[in-house]
Every structure is written in structure tokens, then in C-alpha cells.
>>> print(open('final04.cif').read())   # mmCIF, C-alpha atoms, pLDDT in the B column; chains and numbers go by the auth columns
data_entry
loop_
_atom_site.group_PDB
_atom_site.id
_atom_site.type_symbol
_atom_site.label_atom_id
_atom_site.label_comp_id
_atom_site.label_asym_id
_atom_site.label_seq_id
_atom_site.Cartn_x
_atom_site.Cartn_y
_atom_site.Cartn_z
_atom_site.B_iso_or_equiv
_atom_site.auth_seq_id
_atom_site.auth_asym_id
ATOM 1 C CA ALA A 1 76.258 47.828 -30.099 45.00 1 E
ATOM 2 C CA VAL A 2 73.743 50.642 -29.957 48.00 2 E
ATOM 3 C CA SER A 3 72.689 52.276 -26.720 47.00 3 E
ATOM 4 C CA LEU A 4 69.155 53.626 -26.489 49.00 4 E
ATOM 5 C CA LEU A 5 68.012 56.031 -23.789 48.00 5 E
ATOM 6 C CA LEU A 6 64.411 55.090 -22.980 52.00 6 E
ATOM 7 C CA ASP A 7 63.926 57.805 -20.389 54.00 7 E
ATOM 8 C CA SER A 8 66.108 59.759 -17.991 58.00 8 E
ATOM 9 C CA ASP A 9 67.240 56.748 -15.957 64.00 9 E
ATOM 10 C CA LYS A 10 66.893 53.691 -18.222 63.00 10 E
ATOM 11 C CA LYS A 11 69.512 52.857 -20.821 62.00 11 E
ATOM 12 C CA VAL A 12 69.325 49.743 -23.007 59.00 12 E
ATOM 13 C CA THR A 13 72.186 48.415 -25.119 62.00 13 E
ATOM 14 C CA VAL A 14 71.253 46.310 -28.128 59.00 14 E
ATOM 15 C CA GLU A 15 73.588 44.367 -30.423 64.00 15 E
ATOM 16 C CA LEU A 16 72.454 45.025 -33.988 62.00 16 E
ATOM 17 C CA SER A 17 73.283 42.932 -37.012 71.00 17 E
ATOM 18 C CA ARG A 18 74.003 44.676 -40.289 76.00 18 E
ATOM 19 C CA ASP A 19 73.014 41.937 -42.697 86.00 19 E
ATOM 20 C CA VAL A 20 70.962 42.605 -45.811 86.00 20 E
ATOM 21 C CA LEU A 21 68.391 39.948 -46.690 89.00 21 E
ATOM 22 C CA ILE A 22 67.070 40.145 -50.244 87.00 22 E
ATOM 23 C CA VAL A 23 63.560 39.183 -51.308 90.00 23 E
ATOM 24 C CA SER A 24 63.010 38.820 -55.038 86.00 24 E
ATOM 25 C CA LYS A 25 60.685 37.213 -57.541 82.00 25 E
ATOM 26 C CA SER A 26 63.805 35.835 -59.232 71.00 26 E
ATOM 27 C CA GLN A 27 65.792 33.462 -57.057 60.00 27 E
ATOM 28 C CA ILE A 28 69.197 34.877 -57.965 58.00 28 E
ATOM 29 C CA VAL A 29 70.145 38.523 -57.400 55.00 29 E
ATOM 30 C CA ASP A 30 73.683 39.596 -58.320 60.00 30 E
ATOM 31 C CA GLY A 31 74.891 36.015 -57.972 58.00 31 E
ATOM 32 C CA SER A 32 73.328 35.528 -54.532 62.00 32 E
ATOM 33 C CA SER A 33 70.264 33.511 -53.684 67.00 33 E
ATOM 34 C CA ALA A 34 67.245 35.483 -52.504 84.00 34 E
ATOM 35 C CA TYR A 35 64.173 34.756 -50.420 92.00 35 E
ATOM 36 C CA SER A 36 61.022 34.360 -52.483 92.00 36 E
ATOM 37 C CA LYS A 37 58.703 35.336 -49.607 95.00 37 E
ATOM 38 C CA ILE A 38 58.976 38.380 -47.376 96.00 38 E
ATOM 39 C CA GLN A 39 57.870 36.385 -44.328 96.00 39 E
ATOM 40 C CA ASP A 40 60.757 33.926 -44.798 96.00 40 E
ATOM 41 C CA ALA A 41 63.250 36.810 -44.778 95.00 41 E
ATOM 42 C CA VAL A 42 61.563 38.389 -41.740 97.00 42 E
ATOM 43 C CA ASP A 43 61.703 35.067 -39.890 97.00 43 E
ATOM 44 C CA ALA A 44 65.437 34.687 -40.677 95.00 44 E
ATOM 45 C CA ALA A 45 66.315 38.279 -39.769 95.00 45 E
ATOM 46 C CA LYS A 46 68.139 39.437 -36.661 93.00 46 E
ATOM 47 C CA GLU A 47 67.868 42.786 -34.888 91.00 47 E
ATOM 48 C CA GLY A 48 69.329 45.536 -37.070 90.00 48 E
ATOM 49 C CA ASP A 49 68.988 43.689 -40.389 92.00 49 E
ATOM 50 C CA LEU A 50 67.712 45.288 -43.586 91.00 50 E
ATOM 51 C CA ILE A 51 65.234 43.361 -45.723 92.00 51 E
ATOM 52 C CA LEU A 52 65.407 44.679 -49.271 89.00 52 E
ATOM 53 C CA ILE A 53 62.435 43.742 -51.451 90.00 53 E
ATOM 54 C CA GLY A 54 62.678 43.528 -55.238 87.00 54 E
ATOM 55 C CA GLU A 55 59.987 44.766 -57.587 87.00 55 E
ATOM 56 C CA GLY A 56 56.782 42.775 -57.878 90.00 56 E
ATOM 57 C CA VAL A 57 53.516 41.941 -56.169 93.00 57 E
ATOM 58 C CA TYR A 58 53.838 39.818 -53.035 94.00 58 E
ATOM 59 C CA ASN A 59 50.543 38.184 -52.060 94.00 59 E
ATOM 60 C CA GLU A 60 51.201 37.542 -48.405 93.00 60 E
ATOM 61 C CA SER A 61 50.534 38.862 -44.949 90.00 61 E
ATOM 62 C CA VAL A 62 53.691 39.611 -42.953 92.00 62 E
ATOM 63 C CA THR A 63 54.111 39.440 -39.181 93.00 63 E
ATOM 64 C CA VAL A 64 57.199 41.111 -37.729 95.00 64 E
ATOM 65 C CA THR A 65 58.377 40.197 -34.228 95.00 65 E
ATOM 66 C CA THR A 66 62.048 41.216 -34.546 93.00 66 E
ATOM 67 C CA SER A 67 62.950 44.620 -33.129 91.00 67 E
ATOM 68 C CA TYR A 68 64.966 47.202 -35.069 90.00 68 E
ATOM 69 C CA LEU A 69 64.226 45.614 -38.433 94.00 69 E
ATOM 70 C CA THR A 70 64.111 47.717 -41.592 92.00 70 E
ATOM 71 C CA ILE A 71 61.944 46.538 -44.485 93.00 71 E
ATOM 72 C CA ARG A 72 62.383 48.517 -47.664 90.00 72 E
ATOM 73 C CA GLY A 73 61.396 48.128 -51.296 89.00 73 E
ATOM 74 C CA ILE A 74 63.822 48.752 -54.157 84.00 74 E
ATOM 75 C CA ASN A 75 61.221 51.025 -55.749 84.00 75 E
ATOM 76 C CA ARG A 76 58.199 52.051 -53.708 84.00 76 E
ATOM 77 C CA ASN A 77 56.072 52.403 -56.837 89.00 77 E
ATOM 78 C CA ASN A 78 56.775 48.843 -58.022 88.00 78 E
ATOM 79 C CA VAL A 79 56.863 46.857 -54.772 92.00 79 E
ATOM 80 C CA ILE A 80 53.391 45.861 -53.594 92.00 80 E
ATOM 81 C CA ILE A 81 52.556 43.777 -50.540 91.00 81 E
ATOM 82 C CA ASP A 82 48.983 42.577 -50.898 92.00 82 E
ATOM 83 C CA GLY A 83 47.896 40.916 -47.660 86.00 83 E
ATOM 84 C CA GLU A 84 44.598 39.897 -49.279 82.00 84 E
ATOM 85 C CA PHE A 85 42.779 40.789 -46.036 77.00 85 E
ATOM 86 C CA MET A 86 44.302 37.691 -44.374 67.00 86 E
ATOM 87 C CA ARG A 87 45.226 39.378 -41.088 63.00 87 E
ATOM 88 C CA GLU A 88 43.969 42.384 -39.158 62.00 88 E
ATOM 89 C CA ASN A 89 46.463 45.124 -38.280 54.00 89 E
#
>>> encode(input="final04.cif", output="C-alpha cells")
Amino acid sequence: AVSLLLDSDKKVTVELSRDVLIVSKSQIVDGSSAYSKIQDAVDAAKEGDLILIGEGVYNESVTVTTSYLTIRGINRNNVIIDGEFMREN
């Protein structure tokens, strides 16, 4: 559990998961199956999870509603999320 102090009198305790969800253009990564779409991994994630994205271009718009979620690319120069202007930020 992680305790967060929001201000001087409010403290919130949140249970965080520590799972790593892998998104990859290939379906198998180090012997494990991977998500092929970032949104599928985001939808399956719990608070505190890490979504690790393999190299490639992902043509999708992603909506995140899970708190305390980390989304990270393996290599920031070779991981591209192209939302194709499907959704406004």
C-alpha cells in the first residue's frame, strides 16, 4: 500500500499492483504472450501497473482511466503512438 498526502489533513492509502503488461508487435516476448494493442493493456491494467511498449508504430488512440498507471516505451525513439487525430486531448 502507498499512502499519499493530498494536503495537510487528507491522507489517502492506495493499494498498487506491480504487474508489468507488455505490448508488442510480435505476440510472444521472452516466452510470454503480449498485448497487440496499447488500449487492451490499459484496459486490463490495475493501479500501479507498468505497461511496457515494444518498438513499432501503434495506430490507435488511447484512453486511460486507471490511476497510478505508468506507460513506457522500450525505446522512445522507436515507439510511436499515432492517434490519427481520432480523439481530442
>>> axis_aligned_box(input="final04.cif", around="region 65-79 of chain E", padding_each_side="4 Å", output="AutoDock Vina command-line options")
--center_x 60.5 --center_y 46.3 --center_z -45.6 --size_x 16.9 --size_y 20.2 --size_z 32.9
>>> closest_residue(input="final04.cif", among="E:Ser17, E:Asn77, E:Ser67, E:Ser61", to="Asp49 (chain E)", atoms="all atoms listed in the file")
E:Ser17
>>> atom_distance(input="final04.cif", atom1="CA of Ser24 (chain E)", atom2="CA of Asn78 (chain E)")
12.2 Å
>>> residues_around(input="final04.cif", residues="Val23 (chain E)", least_positions_apart="4", cutoff="6 Å", atoms="only C-alpha atoms", output="PyMOL selection string")
chain E and resi 34-36+53-54
>>> resolve_selection(input="final04.cif", expression="the PyMOL selection byres ((chain E and resi 82) around 10)", output="mmCIF file with C-alpha atoms, keeping the file's coordinate frame")
data_model
loop_
_atom_site.group_PDB
_atom_site.id
_atom_site.type_symbol
_atom_site.label_atom_id
_atom_site.label_comp_id
_atom_site.auth_asym_id
_atom_site.auth_seq_id
_atom_site.Cartn_x
_atom_site.Cartn_y
_atom_site.Cartn_z
ATOM 1 C CA VAL E 57 53.516 41.941 -56.169
ATOM 2 C CA TYR E 58 53.838 39.818 -53.035
ATOM 3 C CA ASN E 59 50.543 38.184 -52.060
ATOM 4 C CA GLU E 60 51.201 37.542 -48.405
ATOM 5 C CA SER E 61 50.534 38.862 -44.949
ATOM 6 C CA VAL E 62 53.691 39.611 -42.953
ATOM 7 C CA VAL E 79 56.863 46.857 -54.772
ATOM 8 C CA ILE E 80 53.391 45.861 -53.594
ATOM 9 C CA ILE E 81 52.556 43.777 -50.540
ATOM 10 C CA GLY E 83 47.896 40.916 -47.660
ATOM 11 C CA GLU E 84 44.598 39.897 -49.279
ATOM 12 C CA PHE E 85 42.779 40.789 -46.036
ATOM 13 C CA MET E 86 44.302 37.691 -44.374
#
>>> closest_residue(input="final04.cif", among="E:Gln39, E:Leu50, E:Gly73, E:Tyr68", to="Leu21 (chain E)", atoms="all atoms listed in the file")
E:Leu50
>>> closest_residue(input="final04.cif", among="E:Glu55, E:Ser26, E:Val20, E:Ala44", to="Ile71 (chain E)", atoms="only C-alpha atoms")
E:Val20
>>> atom_distance(input="final04.cif", atom1="CA of Glu47 (chain E)", atom2="CA of Lys25 (chain E)")
24.4 Å
>>> resolve_selection(input="final04.cif", expression="the PyMOL selection byres ((chain E and resi 43) around 10)", output="mmCIF file with C-alpha atoms, in the frame of the given file")
data_model
loop_
_atom_site.group_PDB
_atom_site.id
_atom_site.type_symbol
_atom_site.label_atom_id
_atom_site.label_comp_id
_atom_site.auth_asym_id
_atom_site.auth_seq_id
_atom_site.Cartn_x
_atom_site.Cartn_y
_atom_site.Cartn_z
ATOM 1 C CA ILE E 38 58.976 38.380 -47.376
ATOM 2 C CA GLN E 39 57.870 36.385 -44.328
ATOM 3 C CA ASP E 40 60.757 33.926 -44.798
ATOM 4 C CA ALA E 41 63.250 36.810 -44.778
ATOM 5 C CA VAL E 42 61.563 38.389 -41.740
ATOM 6 C CA ALA E 44 65.437 34.687 -40.677
ATOM 7 C CA ALA E 45 66.315 38.279 -39.769
ATOM 8 C CA LYS E 46 68.139 39.437 -36.661
ATOM 9 C CA VAL E 62 53.691 39.611 -42.953
ATOM 10 C CA THR E 63 54.111 39.440 -39.181
ATOM 11 C CA VAL E 64 57.199 41.111 -37.729
ATOM 12 C CA THR E 65 58.377 40.197 -34.228
ATOM 13 C CA THR E 66 62.048 41.216 -34.546
#
